[in-house]
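Trainee: Provided herewith is a single structure, encoded as structure tokens, for subsequent inquiry.
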Amino acid sequence: MTDQKPEPDGKGFYAGSYGGNDEKIGPKTRLECKICWEIYDPALGDDYWQIPAGTAFFDLPDHWTCPNCDGKKDEFMVVKD
Ligand SMILES: [Zn+2]
């Protein structure tokens with residue numbers, strides 16, 4: 001095991017923020033941009049970046065950003081159904 005940082009506790013991250021932690025999300029988890037509220041839905045993929053449907057958020061390429069506002073992946077928050 002590598003060093004695990006303690007869970008974000010609200011300092012620097014919103015509660016429920018993805019925060020770059022892939023362990024918080026599953027292959028079908030939708031995430032929402034906290035800047036413009038754009039939602040990434042793995043079931044739909046992303047036409048803008050030519051991401052095929054079925055691609056999990058954590059499988060998006062590192063250069064992926066919000067198609068709407070250019071926010072980075074760690075600006076996204078987990079959407080709870
Ligand atoms: Zn955005």
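Every chain in the structure tokens takes a letter, A first, then B, and so on in the order presented; its residues are numbered from 1, and the ligands are numbered from 1 following the presented order.
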As an MDAnalysis selection string, list the residues of chain A assigned to strand (DSSP E) by DSSP on the backbone atoms of this structure.

Mentor: chainID A and resid 31:33 39:40 76:78

Trainee: Could you give me the residues within 12 Å of ligand 1, counting only C-alpha atoms and all ligand atoms, as a list in words?

Mentor: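 Here is the list of contacting residues: Leu31, Glu32, Cys33, Lys34, Ile35, Cys36, Trp37, Glu38, Ile39, Tyr40, Trp64, Thr65, Cys66, Pro67, Asn68, Cys69, Asp70, Gly71, Lys72, Lys73, Asp74, Glu75, Phe76 and Met77 of chain A.
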
Trainee: Which residue, A:Gln50, A:Pro61, A:Thr29, A:Asn21, has the smallest gap to Val78 of chain A when you use only C-alpha atoms?

Mentor: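 Among the listed residues, the smallest separation from Val78 of chain A belongs to A:Thr29.
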
Trainee: Name the residues of chain A that come out as helix (DSSP H, G or I) in a backbone DSSP run; write them as an NGL selection string.

Mentor: :A and (22-24 or 57-59 or 73-75)

Trainee: Quick one: everything within 10 Å of Gly45 of chain A, counting only C-alpha atoms, minus sequence neighbours fewer than 4 positions away in the same chain. Send it as a PyMOL selection string.

Mentor: chain A and resi 40-41+49-57+60

Trainee: Taking 2 positions as the minimum chain separation for residues in the same chain, which residues sit within 10 Å of Gly26 of chain A when counting only C-alpha atoms? Answer as a ChimeraX atom specification.

Mentor: /A:22-24,28-30,42,56-58

Trainee: For C-alpha atoms, I'd like the residues from the last selection saved as a compact mmCIF listing (two decimals), in the first residue's frame.

Mentor:
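Result file is result.txt:
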# COMPACT_ATOMS: atom_id res chain seq x y z
CA ASP A 22 -10.76 7.38 -8.22
CA GLU A 23 -11.74 5.17 -5.31
CA LYS A 24 -14.75 7.39 -4.65
CA LYS A 28 -21.12 4.23 -13.94
CA THR A 29 -20.81 7.16 -11.58
CA ARG A 30 -21.88 10.49 -13.05
CA PRO A 42 -20.37 7.40 -18.51
CA ALA A 56 -15.85 5.59 -16.78
CA PHE A 57 -14.84 8.99 -15.46
CA PHE A 58 -11.58 7.60 -14.10
